[in-house]
Every structure is written in C-alpha cells, then in structure tokens.
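One file, protein_20.csv, is given below (CSV, C-alpha atoms).
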```
chain,number,residue,atom,x,y,z
A,1,GLN,CA,-3.3,12.4,18.9
A,2,VAL,CA,-2.2,9.7,16.4
A,3,GLN,CA,0.2,11.0,13.7
A,4,LEU,CA,1.5,9.2,10.7
A,5,VAL,CA,4.8,10.3,9.2
A,6,GLU,CA,5.9,9.1,5.8
A,7,SER,CA,9.4,9.2,4.3
A,8,GLY,CA,11.3,7.8,1.3
A,9,GLY,CA,9.8,9.5,-1.7
A,10,GLY,CA,11.8,11.2,-4.4
A,11,LEU,CA,12.8,11.2,-8.1
A,12,VAL,CA,13.8,7.9,-9.7
A,13,GLN,CA,14.4,6.8,-13.3
A,14,PRO,CA,12.1,4.2,-14.9
A,15,GLY,CA,13.1,0.7,-13.8
A,16,GLY,CA,14.5,2.0,-10.5
A,17,SER,CA,13.4,1.3,-7.0
A,18,LEU,CA,12.3,3.3,-3.9
A,19,ARG,CA,11.3,2.3,-0.5
A,20,LEU,CA,8.6,4.2,1.4
A,21,SER,CA,8.2,4.1,5.1
A,22,CYS,CA,5.4,5.2,7.4
A,23,ALA,CA,5.5,5.3,11.2
A,24,ALA,CA,2.7,6.0,13.6
A,25,SER,CA,3.2,7.9,16.9
A,26,GLY,CA,0.9,9.0,19.7
A,27,THR,CA,-0.6,5.7,20.4
A,28,SER,CA,0.1,2.6,22.5
A,29,GLY,CA,-2.1,0.3,20.5
A,30,SER,CA,-1.3,-1.7,17.4
A,31,ALA,CA,-2.9,-1.0,14.0
A,32,SER,CA,-5.2,-3.7,12.8
A,33,ALA,CA,-4.6,-2.8,9.2
A,34,MET,CA,-2.2,-0.6,7.2
A,35,TYR,CA,-2.5,0.7,3.7
A,36,TRP,CA,-0.7,2.6,1.0
A,37,TYR,CA,-2.7,4.7,-1.4
A,38,ARG,CA,-1.6,7.0,-4.2
A,39,GLN,CA,-3.0,9.9,-6.1
A,40,ALA,CA,-1.8,11.1,-9.4
A,41,PRO,CA,-2.6,14.6,-10.8
A,42,GLY,CA,-6.1,14.7,-12.0
A,43,LYS,CA,-7.0,11.3,-10.8
A,44,GLU,CA,-8.8,9.9,-7.7
A,45,ARG,CA,-6.9,8.4,-4.8
A,46,GLU,CA,-6.5,4.7,-5.3
A,47,LEU,CA,-5.5,1.8,-3.0
A,48,VAL,CA,-2.1,0.4,-3.9
A,49,ALA,CA,-1.5,-2.2,-1.1
A,50,GLN,CA,-2.9,-3.3,2.2
A,51,ILE,CA,-1.6,-5.5,5.0
A,52,THR,CA,-3.2,-7.0,8.0
A,53,THR,CA,-2.0,-9.6,10.5
A,54,SER,CA,-3.2,-12.4,8.2
A,55,SER,CA,-3.1,-11.1,4.6
A,56,THR,CA,-1.8,-8.7,2.0
A,57,TYR,CA,-3.5,-7.1,-1.0
A,58,TYR,CA,-2.1,-5.4,-4.1
A,59,ALA,CA,-3.7,-3.5,-6.9
A,60,ASP,CA,-3.2,-5.3,-10.2
A,61,SER,CA,-1.2,-2.4,-11.5
A,62,VAL,CA,1.6,-3.0,-8.9
A,63,LYS,CA,1.4,-6.7,-8.3
A,64,GLY,CA,4.8,-8.4,-8.7
A,65,ARG,CA,6.6,-5.0,-8.4
A,66,PHE,CA,5.6,-3.6,-5.0
A,67,THR,CA,5.9,-5.3,-1.6
A,68,ILE,CA,4.2,-4.1,1.5
A,69,SER,CA,5.6,-5.1,4.9
A,70,SER,CA,5.2,-4.1,8.5
A,71,ALA,CA,6.7,-4.3,11.9
A,72,ASN,CA,3.3,-4.3,13.4
A,73,ALA,CA,4.3,-4.1,17.0
A,74,LYS,CA,6.1,-0.9,16.1
A,75,ASN,CA,3.3,0.5,14.0
A,76,THR,CA,5.4,0.9,10.9
A,77,VAL,CA,4.7,0.0,7.4
A,78,ASP,CA,7.0,0.0,4.3
A,79,LEU,CA,6.4,-0.2,0.6
A,80,GLN,CA,9.2,-1.5,-1.5
A,81,MET,CA,8.7,-0.4,-5.0
A,82,ASN,CA,10.7,-2.0,-7.8
A,83,SER,CA,10.6,-1.7,-11.6
A,84,LEU,CA,9.1,1.7,-11.3
A,85,LYS,CA,7.2,3.1,-14.3
A,86,PRO,CA,6.3,6.7,-15.2
A,87,GLU,CA,2.7,5.9,-14.4
A,88,ASP,CA,3.6,5.2,-10.8
A,89,THR,CA,4.2,8.9,-10.4
A,90,ALA,CA,1.9,10.2,-7.7
A,91,VAL,CA,1.7,11.3,-4.1
A,92,TYR,CA,1.7,8.3,-1.9
A,93,TYR,CA,-0.2,8.2,1.4
A,94,CYS,CA,-0.2,5.7,4.2
A,95,ARG,CA,-3.3,5.0,6.2
A,96,PHE,CA,-3.7,3.1,9.5
A,97,ARG,CA,-6.7,1.6,11.1
A,98,PHE,CA,-6.8,1.6,14.9
A,99,GLY,CA,-10.1,-0.1,15.9
A,100,VAL,CA,-12.8,2.2,14.5
A,101,TYR,CA,-10.5,5.1,13.8
A,102,TRP,CA,-8.6,5.8,10.6
A,103,TYR,CA,-5.6,8.0,10.1
A,104,TRP,CA,-3.8,9.4,7.1
A,105,GLY,CA,-0.3,10.4,6.6
A,106,GLN,CA,0.6,13.7,4.9
A,107,GLY,CA,1.8,12.1,1.7
A,108,THR,CA,5.1,11.8,0.0
A,109,GLN,CA,5.8,12.6,-3.7
A,110,VAL,CA,7.2,9.8,-6.0
A,111,THR,CA,8.3,10.9,-9.4
A,112,VAL,CA,9.4,8.4,-12.0
A,113,SER,CA,11.1,10.1,-14.9
A,114,SER,CA,14.2,10.0,-17.0
```

In structure tokens, what does this structure look like?
Amino acid sequence: QVQLVESGGGLVQPGGSLRLSCAASGTSGSASAMYWYRQAPGKERELVAQITTSSTYYADSVKGRFTISSANAKNTVDLQMNSLKPEDTAVYYCRFRFGVYWYWGQGTQVTVSS
C-alpha cells in the first residue's frame, strides 16, 4: 500500500519561509507527477504547484514565492515557501500519481501569523 507522509508545516510570521516535504513509501515505482494542494478553512482544496519529469506549474497566487522540487527516483517532493502571507494559511497536501493511481498525503498545517 502506497503511503505519503508530509512534514515541515508549522507557524511562521508573515514574510517568513517554510519548507514542506513529502515522501512516498510502499512502492518500487516512480511517480509520474507530484503535486501540492492546499485547503483553507471554508474554501475548496486548490492546486498550488505541480511537477513532472518535464515541467512545473504554479498557481498565480504563489508564483515567484514558492518552488516545487523533487528527487524523483526517491519519490520525494518538496515545496519551498518564501515570503509567506497570512492568506497562505491552510492545510497543505501532497498528491502523487503512479500510473493510473493517485494517492494523497494526510496534510500538514501551515499558519502564517504575527
């Protein structure tokens, strides 16, 4: 059974930085795509960033501040978040695609507040 485990969330002041990590276990294959989503209270889950072997994608709201990276052979993905704003406060989820199967992490809370 594939499991995704996230780490790195926490409380940070506006303008600060955090780095989220997500690692997959229980598989010998390599993910074809890896994603970070977030869900703020009362809002729908939204795609923040995506990475494949050939491209990356960022939501407009995080472009220039967040960077997604992966050590694909190790099935890990990171999200470096800089210049954080209070509106970035949310539960952040990683998601991996292995062939036709998709898996979610359990989520990690990021709170940006002074």

| query | Between atom CA of Ser70 of chain A and atom CA of Glu46 of chain A, what is the spacing in Å? | reply |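 Interatomic distance here is 20.1 Å.
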
| field | Selected residue of minimal separation from Gln1 of chain A among A:Ser55, A:Tyr103, A:Val48, A:Asn75, counting all atoms listed in the file | value |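 Distance minimum relative to Gln1 of chain A lands on A:Tyr103.
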
| task | Find the residues with any atom within 12 Å of (6.9, 8.6, -10.3); use all atoms listed in the file and the coordinates as given in the file, and write the answer as a PyMOL selection string. | result | chain A and resi 9-18+38-41+81-92+108-114

| field | Point-to-point distance from atom CA of Cys22 of chain A to atom CA of Ala49 of chain A, Å rounded to tenths | value |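 Straight-line distance from atom CA of Cys22 of chain A to atom CA of Ala49 of chain A works out to 13.2 Å.
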
| How many Å lie between atom CA of Val2 of chain A and atom CA of Ala71 of chain A, rounded to one decimal? |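 Atom CA of Ala71 of chain A lies at a distance of 17.2 Å from atom CA of Val2 of chain A.
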
| Nearby residues, (14.8, 3.8, 8.6) file frame, 10 Å, all atoms listed in the file, as a PyMOL selection string | chain A and resi 7-8+19-23+78

| Nearest candidate to Ser54 of chain A (options A:Gly99, A:Ser32, A:Gly26, A:Phe66; using all atoms listed in the file) |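 Counting all atoms listed in the file, the residue closest to Ser54 of chain A is A:Ser32.
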
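Distances here use all atoms listed in the file; by that measure, the residue among A:Tyr35, A:Arg95, A:Trp104, A:Leu47 closest to Ser61 of chain A is A:Leu47.
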
| Selected residue, from A:Ser69, A:Asp60, A:Trp36, A:Ser28, that lies nearest to Gly105 of chain A when counting only C-alpha atoms |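 The closest residue to Gly105 of chain A is A:Trp36.
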
| Which one of A:Cys94, A:Thr76, A:Thr27, A:Ala33 sits closest to Gly107 of chain A if you count all atoms listed in the file? |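 Among A:Cys94, A:Thr76, A:Thr27, A:Ala33, it is A:Cys94 that comes nearest to Gly107 of chain A.
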
| said: Nearest residue to Thr53 of chain A out of A:Leu4, A:Met34, A:Gly29, A:Thr67, using only C-alpha atoms? | reply: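 Nearest candidate to Thr53 of chain A out of A:Leu4, A:Met34, A:Gly29, A:Thr67: A:Met34.
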
Requested file, segment 44-63 of chain A restricted to N, CA, C and O atoms, as a PDB file, in the first residue's frame:
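Output file part_32.pdb follows:
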```pdb
ATOM      1  N   GLU A  44     -12.417  25.621  -0.931  1.00  0.00           N
ATOM      2  CA  GLU A  44     -12.146  24.369  -1.611  1.00  0.00           C
ATOM      3  C   GLU A  44     -10.647  24.116  -1.692  1.00  0.00           C
ATOM      4  O   GLU A  44      -9.842  25.040  -1.651  1.00  0.00           O
ATOM      5  N   ARG A  45     -10.299  22.851  -1.810  1.00  0.00           N
ATOM      6  CA  ARG A  45      -8.909  22.493  -1.992  1.00  0.00           C
ATOM      7  C   ARG A  45      -8.440  23.003  -3.358  1.00  0.00           C
ATOM      8  O   ARG A  45      -9.144  22.841  -4.355  1.00  0.00           O
ATOM      9  N   GLU A  46      -7.263  23.600  -3.378  1.00  0.00           N
ATOM     10  CA  GLU A  46      -6.765  24.165  -4.625  1.00  0.00           C
ATOM     11  C   GLU A  46      -5.359  23.667  -4.922  1.00  0.00           C
ATOM     12  O   GLU A  46      -4.566  23.424  -4.002  1.00  0.00           O
ATOM     13  N   LEU A  47      -5.053  23.555  -6.204  1.00  0.00           N
ATOM     14  CA  LEU A  47      -3.721  23.154  -6.631  1.00  0.00           C
ATOM     15  C   LEU A  47      -2.761  24.329  -6.470  1.00  0.00           C
ATOM     16  O   LEU A  47      -3.033  25.429  -6.944  1.00  0.00           O
ATOM     17  N   VAL A  48      -1.649  24.070  -5.812  1.00  0.00           N
ATOM     18  CA  VAL A  48      -0.639  25.093  -5.577  1.00  0.00           C
ATOM     19  C   VAL A  48       0.514  24.956  -6.570  1.00  0.00           C
ATOM     20  O   VAL A  48       0.952  25.930  -7.169  1.00  0.00           O
ATOM     21  N   ALA A  49       1.010  23.737  -6.717  1.00  0.00           N
ATOM     22  CA  ALA A  49       2.162  23.501  -7.594  1.00  0.00           C
ATOM     23  C   ALA A  49       2.167  22.061  -8.054  1.00  0.00           C
ATOM     24  O   ALA A  49       1.633  21.173  -7.377  1.00  0.00           O
ATOM     25  N   GLN A  50       2.806  21.844  -9.193  1.00  0.00           N
ATOM     26  CA  GLN A  50       2.863  20.522  -9.806  1.00  0.00           C
ATOM     27  C   GLN A  50       4.219  20.351 -10.445  1.00  0.00           C
ATOM     28  O   GLN A  50       4.791  21.304 -10.981  1.00  0.00           O
ATOM     29  N   ILE A  51       4.736  19.124 -10.406  1.00  0.00           N
ATOM     30  CA  ILE A  51       5.995  18.840 -11.071  1.00  0.00           C
ATOM     31  C   ILE A  51       5.925  17.477 -11.737  1.00  0.00           C
ATOM     32  O   ILE A  51       5.410  16.514 -11.165  1.00  0.00           O
ATOM     33  N   THR A  52       6.415  17.436 -12.973  1.00  0.00           N
ATOM     34  CA  THR A  52       6.594  16.183 -13.689  1.00  0.00           C
ATOM     35  C   THR A  52       8.057  16.106 -14.116  1.00  0.00           C
ATOM     36  O   THR A  52       8.851  16.980 -13.760  1.00  0.00           O
ATOM     37  N   THR A  53       8.398  15.108 -14.891  1.00  0.00           N
ATOM     38  CA  THR A  53       9.791  14.997 -15.337  1.00  0.00           C
ATOM     39  C   THR A  53      10.172  16.116 -16.293  1.00  0.00           C
ATOM     40  O   THR A  53      11.355  16.390 -16.480  1.00  0.00           O
ATOM     41  N   SER A  54       9.176  16.775 -16.883  1.00  0.00           N
ATOM     42  CA  SER A  54       9.487  17.766 -17.917  1.00  0.00           C
ATOM     43  C   SER A  54       8.987  19.174 -17.620  1.00  0.00           C
ATOM     44  O   SER A  54       9.328  20.111 -18.353  1.00  0.00           O
ATOM     45  N   SER A  55       8.195  19.354 -16.584  1.00  0.00           N
ATOM     46  CA  SER A  55       7.627  20.682 -16.380  1.00  0.00           C
ATOM     47  C   SER A  55       7.216  20.911 -14.937  1.00  0.00           C
ATOM     48  O   SER A  55       7.091  19.975 -14.140  1.00  0.00           O
ATOM     49  N   THR A  56       7.007  22.180 -14.634  1.00  0.00           N
ATOM     50  CA  THR A  56       6.444  22.588 -13.352  1.00  0.00           C
ATOM     51  C   THR A  56       5.295  23.563 -13.610  1.00  0.00           C
ATOM     52  O   THR A  56       5.224  24.192 -14.671  1.00  0.00           O
ATOM     53  N   TYR A  57       4.427  23.647 -12.644  1.00  0.00           N
ATOM     54  CA  TYR A  57       3.283  24.562 -12.720  1.00  0.00           C
ATOM     55  C   TYR A  57       3.092  25.186 -11.348  1.00  0.00           C
ATOM     56  O   TYR A  57       3.265  24.515 -10.321  1.00  0.00           O
ATOM     57  N   TYR A  58       2.732  26.461 -11.344  1.00  0.00           N
ATOM     58  CA  TYR A  58       2.429  27.160 -10.096  1.00  0.00           C
ATOM     59  C   TYR A  58       1.135  27.937 -10.252  1.00  0.00           C
ATOM     60  O   TYR A  58       0.874  28.549 -11.298  1.00  0.00           O
ATOM     61  N   ALA A  59       0.354  27.942  -9.197  1.00  0.00           N
ATOM     62  CA  ALA A  59      -0.803  28.818  -9.163  1.00  0.00           C
ATOM     63  C   ALA A  59      -0.316  30.264  -9.152  1.00  0.00           C
ATOM     64  O   ALA A  59       0.755  30.575  -8.615  1.00  0.00           O
ATOM     65  N   ASP A  60      -1.090  31.143  -9.746  1.00  0.00           N
ATOM     66  CA  ASP A  60      -0.699  32.551  -9.816  1.00  0.00           C
ATOM     67  C   ASP A  60      -0.437  33.144  -8.436  1.00  0.00           C
ATOM     68  O   ASP A  60       0.434  33.998  -8.274  1.00  0.00           O
ATOM     69  N   SER A  61      -1.174  32.693  -7.458  1.00  0.00           N
ATOM     70  CA  SER A  61      -1.077  33.260  -6.119  1.00  0.00           C
ATOM     71  C   SER A  61       0.257  32.958  -5.435  1.00  0.00           C
ATOM     72  O   SER A  61       0.618  33.631  -4.468  1.00  0.00           O
ATOM     73  N   VAL A  62       1.002  31.964  -5.933  1.00  0.00           N
ATOM     74  CA  VAL A  62       2.264  31.590  -5.283  1.00  0.00           C
ATOM     75  C   VAL A  62       3.456  31.743  -6.216  1.00  0.00           C
ATOM     76  O   VAL A  62       4.604  31.572  -5.784  1.00  0.00           O
ATOM     77  N   LYS A  63       3.205  32.085  -7.460  1.00  0.00           N
ATOM     78  CA  LYS A  63       4.280  32.179  -8.449  1.00  0.00           C
ATOM     79  C   LYS A  63       5.315  33.205  -7.996  1.00  0.00           C
ATOM     80  O   LYS A  63       4.974  34.311  -7.581  1.00  0.00           O
TER      81      LYS A  63
END
```
